[in-house]
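K.L.:
File run.csv below, CSV, C-alpha atoms:
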```csv
chain,number,residue,atom,x,y,z
A,476,LEU,CA,133.9,109.7,97.5
A,477,THR,CA,137.3,109.2,99.1
A,478,GLU,CA,137.6,107.7,102.5
A,479,TYR,CA,140.5,108.5,104.8
A,480,ASP,CA,141.8,107.0,108.0
A,481,SER,CA,142.7,110.2,109.8
A,482,ASN,CA,142.1,113.9,109.7
A,483,GLU,CA,145.8,114.4,109.1
A,484,THR,CA,145.7,112.2,105.9
A,485,MET,CA,142.8,114.4,104.6
A,486,LEU,CA,144.7,117.6,105.5
A,487,ALA,CA,147.8,116.5,103.5
A,488,GLN,CA,145.7,116.0,100.4
A,489,ILE,CA,143.9,119.4,100.6
A,490,ASP,CA,147.2,121.1,101.4
A,491,ALA,CA,148.7,119.5,98.3
A,492,GLY,CA,145.9,121.0,96.2
A,493,VAL,CA,143.8,117.9,95.6
A,494,ALA,CA,140.3,119.0,94.5
A,495,PHE,CA,137.3,118.0,96.6
A,496,ASP,CA,134.1,119.9,96.7
A,497,LEU,CA,133.4,118.9,100.3
A,498,VAL,CA,135.4,117.6,103.2
A,499,VAL,CA,134.4,116.1,106.5
A,500,PRO,CA,137.0,117.3,109.1
A,501,SER,CA,136.6,116.7,112.8
A,502,ASP,CA,136.3,119.6,115.1
A,503,TYR,CA,140.0,120.4,115.9
A,504,MET,CA,140.9,119.9,112.2
A,505,VAL,CA,138.5,122.7,111.3
A,506,SER,CA,140.6,125.1,113.4
A,507,ILE,CA,143.8,123.9,111.7
A,508,MET,CA,142.4,124.3,108.2
A,509,LYS,CA,140.8,127.6,109.0
A,510,THR,CA,144.1,129.0,110.3
A,511,SER,CA,145.8,127.7,107.2
A,512,ASP,CA,143.3,129.4,104.9
A,513,LEU,CA,142.2,126.1,103.4
A,514,LEU,CA,138.4,126.5,103.9
A,515,VAL,CA,135.9,128.7,102.1
A,516,GLU,CA,133.6,130.8,104.2
A,517,LEU,CA,130.0,129.5,103.9
A,518,ASN,CA,127.2,131.6,102.4
A,519,ARG,CA,124.6,131.2,105.0
A,520,GLU,CA,121.8,132.5,102.7
A,521,THR,CA,122.2,129.4,100.6
A,522,ILE,CA,122.0,127.0,103.6
A,523,PRO,CA,118.7,127.9,105.3
A,524,ASN,CA,118.6,124.5,107.0
A,525,LEU,CA,121.4,125.8,109.3
A,526,ALA,CA,118.5,126.9,111.5
A,527,ASN,CA,117.9,123.2,112.3
A,528,ILE,CA,121.2,122.8,114.2
A,529,ALA,CA,120.8,122.3,117.9
A,530,GLU,CA,121.9,125.4,119.9
A,531,GLU,CA,124.7,123.6,121.7
A,532,PHE,CA,126.3,122.9,118.3
A,533,THR,CA,126.0,126.5,116.9
A,534,ASP,CA,128.9,128.2,118.7
A,535,LEU,CA,131.6,125.6,119.4
A,536,PRO,CA,135.2,126.8,120.0
A,537,TYR,CA,136.7,125.3,116.8
A,538,ASP,CA,134.4,127.5,114.6
A,539,PRO,CA,132.3,130.0,116.5
A,540,GLY,CA,129.1,130.8,114.6
A,541,ASN,CA,129.7,127.9,112.1
A,542,VAL,CA,131.3,130.4,109.7
A,543,TYR,CA,133.4,127.7,107.9
A,544,SER,CA,131.8,124.4,108.9
A,545,VAL,CA,128.5,122.8,109.7
A,546,PRO,CA,128.1,120.0,112.3
A,547,TYR,CA,127.5,116.7,110.5
A,548,GLN,CA,127.4,114.1,113.3
A,549,TRP,CA,128.9,113.6,116.7
A,550,GLY,CA,130.0,110.6,118.7
A,551,THR,CA,132.4,109.1,121.2
A,552,THR,CA,135.6,107.1,121.1
A,553,GLY,CA,135.5,104.1,123.4
A,554,ILE,CA,136.0,100.4,123.5
A,555,GLY,CA,134.3,97.6,121.5
A,556,TYR,CA,134.7,94.2,123.0
A,557,ALA,CA,133.6,90.6,122.8
A,558,TYR,CA,131.6,89.5,125.9
A,559,GLY,CA,133.7,87.4,128.2
A,560,ALA,CA,137.0,89.1,127.2
A,561,ILE,CA,136.6,91.7,130.0
A,562,ASP,CA,136.2,90.9,133.7
A,563,ASP,CA,134.2,94.0,134.7
A,564,GLU,CA,131.7,94.8,131.9
A,565,GLU,CA,129.8,97.1,134.1
A,566,GLY,CA,132.7,99.4,134.6
A,567,VAL,CA,135.0,99.0,131.6
A,568,SER,CA,138.4,100.7,132.0
A,569,TRP,CA,141.0,101.8,129.5
A,570,GLY,CA,143.2,99.5,131.6
A,571,VAL,CA,142.0,96.6,129.5
A,572,ILE,CA,144.3,98.1,126.9
A,573,PHE,CA,146.9,100.0,128.8
A,574,ASP,CA,147.4,98.0,132.0
A,575,GLN,CA,149.6,95.0,131.4
A,576,GLU,CA,148.0,92.8,134.0
A,577,MET,CA,144.5,93.5,132.7
A,578,ALA,CA,145.5,93.2,129.1
A,579,THR,CA,147.6,90.1,129.3
A,580,PRO,CA,144.7,87.6,129.0
A,581,ASN,CA,143.9,89.2,125.6
A,582,ALA,CA,147.5,89.8,124.4
A,583,GLY,CA,147.7,89.9,120.7
A,584,PHE,CA,144.0,90.3,120.3
A,585,ILE,CA,143.8,94.0,121.1
A,586,SER,CA,143.8,97.0,118.7
A,587,LEU,CA,144.3,100.7,119.0
A,588,LEU,CA,143.4,103.3,116.5
A,589,ASP,CA,146.2,104.5,114.3
A,590,ASP,CA,145.5,108.1,115.0
A,591,GLU,CA,147.8,110.4,116.9
A,592,ARG,CA,145.1,112.5,118.7
A,593,GLU,CA,142.7,109.6,119.4
A,594,THR,CA,145.3,107.1,120.6
A,595,MET,CA,147.4,109.6,122.5
A,596,GLY,CA,144.1,111.0,123.9
A,597,ALA,CA,143.0,107.6,125.3
A,598,ALA,CA,146.4,107.1,126.9
A,599,LEU,CA,146.2,110.6,128.4
A,600,ILE,CA,142.7,110.0,129.8
A,601,TYR,CA,143.9,106.7,131.4
A,602,LEU,CA,146.7,108.6,133.0
A,603,GLY,CA,144.3,111.2,134.4
A,604,TYR,CA,145.3,114.0,132.0
A,605,SER,CA,143.4,116.1,129.5
A,606,ILE,CA,143.3,115.0,125.8
A,607,ASN,CA,144.3,118.6,125.0
A,608,THR,CA,147.2,118.9,127.4
A,609,THR,CA,150.2,121.0,126.3
A,610,ASP,CA,152.4,119.7,129.1
A,611,GLU,CA,155.3,118.0,127.4
A,612,ALA,CA,155.9,115.7,130.3
A,613,GLU,CA,152.3,114.4,130.2
A,614,VAL,CA,152.5,113.8,126.5
A,615,ASP,CA,155.8,112.0,126.9
A,616,GLU,CA,154.2,109.8,129.6
A,617,ALA,CA,151.3,108.9,127.3
A,618,ALA,CA,153.7,108.1,124.4
A,619,ALA,CA,155.8,105.9,126.7
A,620,LEU,CA,152.6,104.1,127.8
A,621,ILE,CA,151.6,103.5,124.1
A,622,LYS,CA,155.1,102.2,123.4
A,623,GLU,CA,154.8,99.8,126.3
A,624,THR,CA,151.5,98.4,125.1
A,625,LYS,CA,153.1,97.3,121.8
A,626,GLU,CA,154.1,94.1,123.8
A,627,TRP,CA,150.4,93.0,123.8
A,628,ILE,CA,148.7,95.1,121.1
A,629,GLY,CA,147.8,93.1,118.0
A,630,SER,CA,147.6,96.1,115.6
A,631,PHE,CA,147.1,99.9,115.2
A,632,ASN,CA,144.1,100.1,112.9
A,633,SER,CA,141.7,102.9,112.0
A,634,ALA,CA,140.2,101.5,108.8
A,635,GLY,CA,138.9,98.0,109.6
A,636,TYR,CA,139.1,97.4,113.4
A,637,TRP,CA,135.4,96.7,113.6
A,638,ASP,CA,135.7,93.8,111.2
A,639,LEU,CA,138.7,92.4,113.1
A,640,LEU,CA,136.5,92.4,116.2
A,641,THR,CA,133.5,90.7,114.7
A,642,THR,CA,135.6,88.1,112.9
A,643,GLY,CA,137.5,87.1,116.1
A,644,GLU,CA,140.9,88.5,115.1
A,645,THR,CA,140.6,90.8,118.1
A,646,VAL,CA,138.5,90.8,121.3
A,647,VAL,CA,139.1,94.4,122.5
A,648,ALA,CA,139.4,97.4,120.3
A,649,GLN,CA,139.5,101.2,120.6
A,650,GLY,CA,137.2,102.8,118.1
A,651,TRP,CA,134.3,105.0,117.3
A,652,ASN,CA,130.9,104.1,118.6
A,653,GLY,CA,128.9,104.1,115.3
A,654,ASP,CA,131.5,101.9,113.6
A,655,PHE,CA,131.1,99.2,116.2
A,656,LEU,CA,127.3,99.3,116.2
A,657,PHE,CA,127.1,99.3,112.4
A,658,ALA,CA,129.5,96.3,112.3
A,659,TYR,CA,127.4,94.4,114.9
A,660,ASP,CA,124.3,95.0,112.7
A,661,GLU,CA,126.2,93.8,109.6
A,662,ALA,CA,127.3,90.7,111.4
A,663,SER,CA,123.8,89.8,112.5
A,664,THR,CA,121.5,87.6,110.4
A,665,ASP,CA,118.0,86.2,110.8
A,666,ASP,CA,119.5,83.4,112.9
A,667,TYR,CA,122.2,85.4,114.7
A,668,ASP,CA,122.2,88.5,116.9
A,669,ALA,CA,125.8,89.9,117.1
A,670,TYR,CA,124.7,92.2,120.0
A,671,GLU,CA,124.6,89.1,122.1
A,672,ASP,CA,128.3,88.6,121.7
A,673,TYR,CA,129.7,92.2,121.4
A,674,GLY,CA,129.4,95.4,123.3
A,675,TYR,CA,130.6,99.0,123.3
A,676,ALA,CA,131.6,101.0,126.4
A,677,ILE,CA,132.6,104.5,127.3
A,678,PRO,CA,135.4,103.8,129.8
A,679,ILE,CA,134.9,104.8,133.4
A,680,GLU,CA,137.9,107.2,133.2
A,681,GLY,CA,136.3,109.1,130.5
A,682,ALA,CA,136.6,109.3,126.7
A,683,ALA,CA,137.0,111.6,123.8
A,684,ALA,CA,133.9,113.1,122.1
A,685,TRP,CA,134.0,114.7,118.7
A,686,VAL,CA,132.0,116.5,116.1
A,687,ASP,CA,132.5,115.7,112.5
A,688,THR,CA,131.6,118.6,110.2
A,689,MET,CA,131.0,119.5,106.6
A,690,ALA,CA,133.2,122.1,105.1
A,691,ILE,CA,134.3,123.4,101.7
A,692,PRO,CA,138.0,123.4,100.9
A,693,ILE,CA,139.6,126.1,98.7
A,694,THR,CA,140.3,123.4,96.2
A,695,ALA,CA,136.6,122.9,95.5
A,696,GLU,CA,135.6,123.2,91.9
A,697,HIS,CA,131.8,123.4,92.6
A,698,PRO,CA,131.4,125.3,95.9
A,699,CYS,CA,127.9,126.3,95.1
A,700,THR,CA,126.8,122.7,94.6
A,701,ALA,CA,128.6,121.8,97.8
A,702,GLN,CA,126.5,124.3,99.8
A,703,THR,CA,123.4,122.9,98.2
A,704,PHE,CA,124.5,119.4,99.4
A,705,ILE,CA,125.1,120.7,102.9
A,706,ASN,CA,121.6,122.2,103.0
A,707,PHE,CA,120.2,118.8,101.7
A,708,MET,CA,122.0,117.0,104.6
A,709,LEU,CA,120.6,119.4,107.1
A,710,ASP,CA,117.0,118.6,106.1
A,711,PRO,CA,115.3,117.1,109.2
A,712,PHE,CA,114.3,113.8,107.4
A,713,ASN,CA,117.7,113.4,105.7
A,714,GLY,CA,119.6,114.1,108.9
A,715,ALA,CA,117.5,111.5,110.7
A,716,GLU,CA,118.0,108.9,107.9
A,717,LEU,CA,121.8,109.4,108.3
A,718,THR,CA,121.6,108.6,112.1
A,719,ASN,CA,119.2,105.8,111.6
A,720,TYR,CA,121.7,104.3,109.1
A,721,ASN,CA,125.1,104.7,110.7
A,722,TYR,CA,124.3,105.0,114.4
A,723,TYR,CA,126.0,108.3,115.1
A,724,ALA,CA,124.2,111.0,117.0
A,725,SER,CA,122.8,114.0,115.1
A,726,PRO,CA,123.4,117.6,115.9
A,727,ASN,CA,120.3,118.4,114.0
A,728,ALA,CA,117.6,119.2,116.5
A,729,ALA,CA,114.8,119.2,113.8
A,730,ALA,CA,115.8,115.7,112.9
A,731,GLU,CA,114.9,114.1,116.2
A,732,GLU,CA,111.3,113.6,115.4
A,733,PHE,CA,112.4,111.3,112.6
A,734,ILE,CA,115.1,109.4,114.4
A,735,TRP,CA,114.0,106.0,115.7
A,736,GLU,CA,113.1,106.0,119.4
A,737,GLU,CA,115.4,103.1,120.1
A,738,ILE,CA,118.3,105.1,118.8
A,739,LEU,CA,117.5,108.2,120.8
A,740,GLU,CA,117.3,106.0,124.0
A,741,TRP,CA,120.5,104.0,123.2
A,742,ASP,CA,123.2,105.1,125.6
A,743,ALA,CA,126.0,104.0,123.2
A,744,ILE,CA,124.7,106.7,120.8
A,745,TYR,CA,123.2,109.3,123.0
A,746,PRO,CA,125.0,109.0,126.4
A,747,PRO,CA,123.2,110.0,129.5
A,748,PRO,CA,124.1,113.2,131.3
A,749,GLU,CA,126.3,111.5,133.9
A,750,VAL,CA,128.4,109.9,131.1
A,751,VAL,CA,128.5,113.2,129.1
A,752,GLU,CA,130.3,114.7,132.1
A,753,ARG,CA,133.2,112.3,131.5
A,754,LEU,CA,133.6,113.3,127.8
A,755,GLU,CA,136.1,115.8,126.5
A,756,PHE,CA,136.1,117.4,123.0
A,757,PHE,CA,139.3,117.7,121.1
A,758,ALA,CA,140.8,121.2,120.7
A,759,ASP,CA,143.3,122.6,118.2
A,760,LEU,CA,146.7,122.6,119.8
A,761,GLY,CA,148.3,124.9,117.4
A,762,ASP,CA,152.0,124.3,116.8
A,763,PHE,CA,152.1,122.0,119.8
A,764,GLY,CA,150.2,119.5,117.7
A,765,ASN,CA,153.6,118.7,116.1
A,766,TYR,CA,154.8,117.6,119.5
A,767,TYR,CA,151.9,115.1,119.7
A,768,ALA,CA,152.7,113.8,116.2
A,769,ASP,CA,156.4,113.3,116.9
A,770,ALA,CA,155.7,111.6,120.3
A,771,TYR,CA,153.1,109.3,118.7
A,772,SER,CA,155.4,108.4,115.8
A,773,ALA,CA,158.2,107.6,118.2
A,774,ALA,CA,156.0,105.5,120.3
A,775,LYS,CA,154.9,103.4,117.4
A,776,SER,CA,158.4,102.9,115.9
```
Taking this structure as input, can you express it in the form of structure tokens?
P.N.:
Amino acid sequence: LTEYDSNETMLAQIDAGVAFDLVVPSDYMVSIMKTSDLLVELNRETIPNLANIAEEFTDLPYDPGNVYSVPYQWGTTGIGYAYGAIDDEEGVSWGVIFDQEMATPNAGFISLLDDERETMGAALIYLGYSINTTDEAEVDEAAALIKETKEWIGSFNSAGYWDLLTTGETVVAQGWNGDFLFAYDEASTDDYDAYEDYGYAIPIEGAAAWVDTMAIPITAEHPCTAQTFINFMLDPFNGAELTNYNYYASPNAAAEEFIWEEILEWDAIYPPPEVVERLEFFADLGDFGNYYADAYSAAKS
């Protein structure tokens, strides 16, 4: 098992010929890898548990018909924070990161993901734009905003931001919902409930939603075994155990009967309809993705 801090890091390894039997790319990355002929078409006959996938996850734009990938889990990208660090906890805004006046009280104790699509996406949402915009002026404006935040941002971190939050090194962090909730669980003991000190919010302006998938790269040495593993993960009980363990929502409809009721009713994991309306999924930007990468790199430098 190799963990990576961004889809782009994983892509570079597969593109270089590194052999993995299975990869877990996010939605837009499936499109990129598919276009680059880096994924093996799945043999649906060997994955009968594909029938367990909820209908809304069976024909998504990044891979219509799930020809090259299978939905693994889905979630949101929002803000984890220490209670008391944000004035309006009932309506958390991306402004606690991007607005200087709102962010100044926590200067040096704020983190952003080190991820060109996620971090640029948050800035775009705050500015009122789509996370999938192909307008150069809008992307430039988002990059300029990120560059400005460097005055009060403590770090760009995608690999351990949750620990920075629960250890007090930050008080506001952009990140993925399940990472925060898992960290709060890990920080809790018999005598201490970390949920009394930390929260997670999908900002009022909206947020990114994503689907992580299971796919087989062309570098796979054991593609048949990989498909057996995919089928194993799509078993209803196994899919539920995964969600019960790491607090990310399951696209597996058959798994719901085994998912703990408290998780199914937890807004931070399964957002209510009015919040879902504010979410936007990432799309493959084609060659324009290079413009994002260059803008983000310049903003960080």
K.L.:
So, with all atoms listed in the file as the atoms that count, which of A:Glu740, A:Asp534, A:Asp710, A:Glu623 lies closest to Ala724 in chain A?
P.N.:
A:Glu740
K.L.:
Go through A:Phe712, A:Phe733, A:Tyr543, A:Tyr558 one by one, measure the shortest atom-to-atom distance of each to Val505 in chain A using all atoms listed in the file, and give the residue with the smallest value.
P.N.:
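Answer, going by the shortest atom-to-atom distance: A:Tyr543.
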K.L.:
Counting all atoms listed in the file, figure out which residue out of A:Phe757, A:Asp502, A:Ala768, A:Thr703 gets nearest to Glu520 in chain A.
P.N.:
A:Thr703
K.L.:
Which residue out of A:Glu564, A:Asp759, A:Asp590, A:Glu737 has the minimum interatomic distance to Ile679 in chain A when all atoms listed in the file are used?
P.N.:
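Ranking A:Glu564, A:Asp759, A:Asp590, A:Glu737 by distance to Ile679 in chain A, first place goes to A:Glu564.
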K.L.:
Tell me which of A:Cys699, A:Met504, A:Leu709, A:Ile677 sits closest to Pro523 in chain A, counting all atoms listed in the file.
P.N.:
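Closest residue, counting all atoms listed in the file: A:Leu709.
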K.L.:
Measure the distance from CA of Ile561 in chain A to CA of Leu599 in chain A in Å and round it to one decimal.
P.N.:
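Distance reported for this atom pair: 21.3 Å.
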K.L.:
What gap, in Å, lies between CA of Thr700 in chain A and CA of Ile522 in chain A?
P.N.:
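These atoms are spaced 11.1 Å apart.
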K.L.:
Find the residue from A:Pro580, A:Tyr556, A:Ile528, A:Gly570 that sits nearest to Tyr670 in chain A; use all atoms listed in the file when measuring.
P.N.:
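Checking each candidate against Tyr670 in chain A, we get A:Tyr556 as the closest.
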K.L.:
Mind pulling up the distance from CA of Gly714 in chain A to CA of Ala701 in chain A?
P.N.:
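Separating CA of Ala701 in chain A from CA of Gly714 in chain A is a distance of 16.2 Å.
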K.L.:
Please, which residues are within 12 Å of (121.0, 101.7, 124.4) by the file's coordinates, counting all atoms listed in the file, and could they come as a VMD selection string?
P.N.:
chain A and resid 652 656 670 674 to 676 722 735 to 747
K.L.:
Write out as a list in words each polymer residue whose atoms come within 8 Å of Lys775 in chain A, counting only C-alpha atoms; drop sequence neighbours fewer than 6 positions from it.
P.N.:
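Non-adjacent residues within range: Ile621, Lys622 and Lys625 of chain A.
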K.L.:
Do you know which residues are at most 8 Å from range 682-694 of chain A counting only C-alpha atoms, after dropping those on the same chain fewer than 3 positions away, and could you put them as a ChimeraX atom specification?
P.N.:
/A:489,492-502,512-517,543-553,593,596-597,600,606,677-678,698,701,705,753-757
K.L.:
Please report, as AutoDock Vina command-line options, the centre and edge lengths in Å to one decimal of an axis-aligned box covering all listed atoms of range 604-616 of chain A with 8 Å per side.
P.N.:
```
--center_x 149.6 --center_y 115.4 --center_z 128.5 --size_x 28.6 --size_y 27.2 --size_z 23.0
```
K.L.:
Need the shell around Phe657 in chain A: protein/DNA/RNA residues with any atom at most 10 Å away, counting all atoms listed in the file. Skip same-chain ones fewer than 2 positions apart. Format as number ranges by chain?
P.N.:
A: 637, 652-655, 659-662, 720-723
K.L.:
If you keep C-alpha atoms, can you output range 526-605 of chain A as a PDB file, in the first residue's frame?
P.N.:
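Listing of part_24.pdb after writing:
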```
ATOM      1  CA  ALA A 526     -25.113  -4.221  -8.950  1.00  0.00           C
ATOM      2  CA  ASN A 527     -24.887  -2.832  -5.401  1.00  0.00           C
ATOM      3  CA  ILE A 528     -23.840   0.657  -6.523  1.00  0.00           C
ATOM      4  CA  ALA A 529     -26.510   3.328  -6.001  1.00  0.00           C
ATOM      5  CA  GLU A 530     -28.068   4.487  -9.265  1.00  0.00           C
ATOM      6  CA  GLU A 531     -26.780   8.058  -8.913  1.00  0.00           C
ATOM      7  CA  PHE A 532     -23.206   6.729  -8.972  1.00  0.00           C
ATOM      8  CA  THR A 533     -23.590   4.465 -12.009  1.00  0.00           C
ATOM      9  CA  ASP A 534     -23.358   6.979 -14.830  1.00  0.00           C
ATOM     10  CA  LEU A 535     -21.251   9.928 -13.705  1.00  0.00           C
ATOM     11  CA  PRO A 536     -19.608  12.183 -16.325  1.00  0.00           C
ATOM     12  CA  TYR A 537     -16.022  11.158 -15.564  1.00  0.00           C
ATOM     13  CA  ASP A 538     -16.726   7.508 -16.508  1.00  0.00           C
ATOM     14  CA  PRO A 539     -20.215   6.872 -17.938  1.00  0.00           C
ATOM     15  CA  GLY A 540     -21.322   3.342 -17.175  1.00  0.00           C
ATOM     16  CA  ASN A 541     -18.365   2.691 -14.834  1.00  0.00           C
ATOM     17  CA  VAL A 542     -16.377   1.162 -17.672  1.00  0.00           C
ATOM     18  CA  TYR A 543     -12.943   1.902 -16.187  1.00  0.00           C
ATOM     19  CA  SER A 544     -13.654   2.627 -12.532  1.00  0.00           C
ATOM     20  CA  VAL A 545     -15.903   1.730  -9.626  1.00  0.00           C
ATOM     21  CA  PRO A 546     -17.084   4.262  -7.002  1.00  0.00           C
ATOM     22  CA  TYR A 547     -15.288   3.584  -3.722  1.00  0.00           C
ATOM     23  CA  GLN A 548     -16.447   6.376  -1.397  1.00  0.00           C
ATOM     24  CA  TRP A 549     -17.534   9.973  -1.649  1.00  0.00           C
ATOM     25  CA  GLY A 550     -17.241  13.037   0.525  1.00  0.00           C
ATOM     26  CA  THR A 551     -16.807  16.779   0.800  1.00  0.00           C
ATOM     27  CA  THR A 552     -13.992  19.260   1.205  1.00  0.00           C
ATOM     28  CA  GLY A 553     -14.712  21.801   3.908  1.00  0.00           C
ATOM     29  CA  ILE A 554     -13.301  23.359   7.042  1.00  0.00           C
ATOM     30  CA  GLY A 555     -12.238  21.681  10.259  1.00  0.00           C
ATOM     31  CA  TYR A 556     -11.865  24.041  13.176  1.00  0.00           C
ATOM     32  CA  ALA A 557     -11.405  24.401  16.899  1.00  0.00           C
ATOM     33  CA  TYR A 558     -14.495  25.731  18.654  1.00  0.00           C
ATOM     34  CA  GLY A 559     -13.993  29.348  19.623  1.00  0.00           C
ATOM     35  CA  ALA A 560     -11.690  30.084  16.690  1.00  0.00           C
ATOM     36  CA  ILE A 561     -14.574  31.108  14.406  1.00  0.00           C
ATOM     37  CA  ASP A 562     -17.124  33.782  15.291  1.00  0.00           C
ATOM     38  CA  ASP A 563     -20.071  32.391  13.327  1.00  0.00           C
ATOM     39  CA  GLU A 564     -20.054  28.626  13.776  1.00  0.00           C
ATOM     40  CA  GLU A 565     -23.625  28.351  12.483  1.00  0.00           C
ATOM     41  CA  GLY A 566     -22.666  29.765   9.093  1.00  0.00           C
ATOM     42  CA  VAL A 567     -18.983  29.070   8.534  1.00  0.00           C
ATOM     43  CA  SER A 568     -17.566  30.943   5.552  1.00  0.00           C
ATOM     44  CA  TRP A 569     -14.489  30.330   3.423  1.00  0.00           C
ATOM     45  CA  GLY A 570     -13.722  33.870   4.537  1.00  0.00           C
ATOM     46  CA  VAL A 571     -12.171  32.483   7.741  1.00  0.00           C
ATOM     47  CA  ILE A 572      -9.327  31.458   5.438  1.00  0.00           C
ATOM     48  CA  PHE A 573      -9.475  33.898   2.529  1.00  0.00           C
ATOM     49  CA  ASP A 574     -10.668  37.172   4.079  1.00  0.00           C
ATOM     50  CA  GLN A 575      -7.833  38.989   5.841  1.00  0.00           C
ATOM     51  CA  GLU A 576     -10.039  40.609   8.483  1.00  0.00           C
ATOM     52  CA  MET A 577     -11.716  37.308   9.355  1.00  0.00           C
ATOM     53  CA  ALA A 578      -8.480  35.317   9.235  1.00  0.00           C
ATOM     54  CA  THR A 579      -6.209  37.717  11.147  1.00  0.00           C
ATOM     55  CA  PRO A 580      -7.205  36.506  14.648  1.00  0.00           C
ATOM     56  CA  ASN A 581      -5.959  33.038  13.648  1.00  0.00           C
ATOM     57  CA  ALA A 582      -2.953  34.166  11.581  1.00  0.00           C
ATOM     58  CA  GLY A 583      -0.289  31.471  11.438  1.00  0.00           C
ATOM     59  CA  PHE A 584      -2.704  28.819  12.678  1.00  0.00           C
ATOM     60  CA  ILE A 585      -4.548  28.169   9.405  1.00  0.00           C
ATOM     61  CA  SER A 586      -3.778  25.482   6.818  1.00  0.00           C
ATOM     62  CA  LEU A 587      -4.793  24.920   3.215  1.00  0.00           C
ATOM     63  CA  LEU A 588      -4.560  21.689   1.284  1.00  0.00           C
ATOM     64  CA  ASP A 589      -1.518  21.382  -0.945  1.00  0.00           C
ATOM     65  CA  ASP A 590      -3.651  20.376  -3.913  1.00  0.00           C
ATOM     66  CA  GLU A 591      -4.060  22.462  -7.035  1.00  0.00           C
ATOM     67  CA  ARG A 592      -7.692  21.533  -7.747  1.00  0.00           C
ATOM     68  CA  GLU A 593      -8.913  21.524  -4.138  1.00  0.00           C
ATOM     69  CA  THR A 594      -7.166  24.705  -3.023  1.00  0.00           C
ATOM     70  CA  MET A 595      -7.903  26.605  -6.215  1.00  0.00           C
ATOM     71  CA  GLY A 596     -11.445  25.241  -6.036  1.00  0.00           C
ATOM     72  CA  ALA A 597     -12.007  26.649  -2.538  1.00  0.00           C
ATOM     73  CA  ALA A 598     -10.753  30.052  -3.635  1.00  0.00           C
ATOM     74  CA  LEU A 599     -12.972  29.957  -6.727  1.00  0.00           C
ATOM     75  CA  ILE A 600     -16.045  29.078  -4.662  1.00  0.00           C
ATOM     76  CA  TYR A 601     -15.325  31.911  -2.243  1.00  0.00           C
ATOM     77  CA  LEU A 602     -15.102  34.302  -5.197  1.00  0.00           C
ATOM     78  CA  GLY A 603     -18.420  33.037  -6.553  1.00  0.00           C
ATOM     79  CA  TYR A 604     -17.035  30.976  -9.428  1.00  0.00           C
ATOM     80  CA  SER A 605     -17.252  27.332 -10.445  1.00  0.00           C
TER      81      SER A 605
END
```
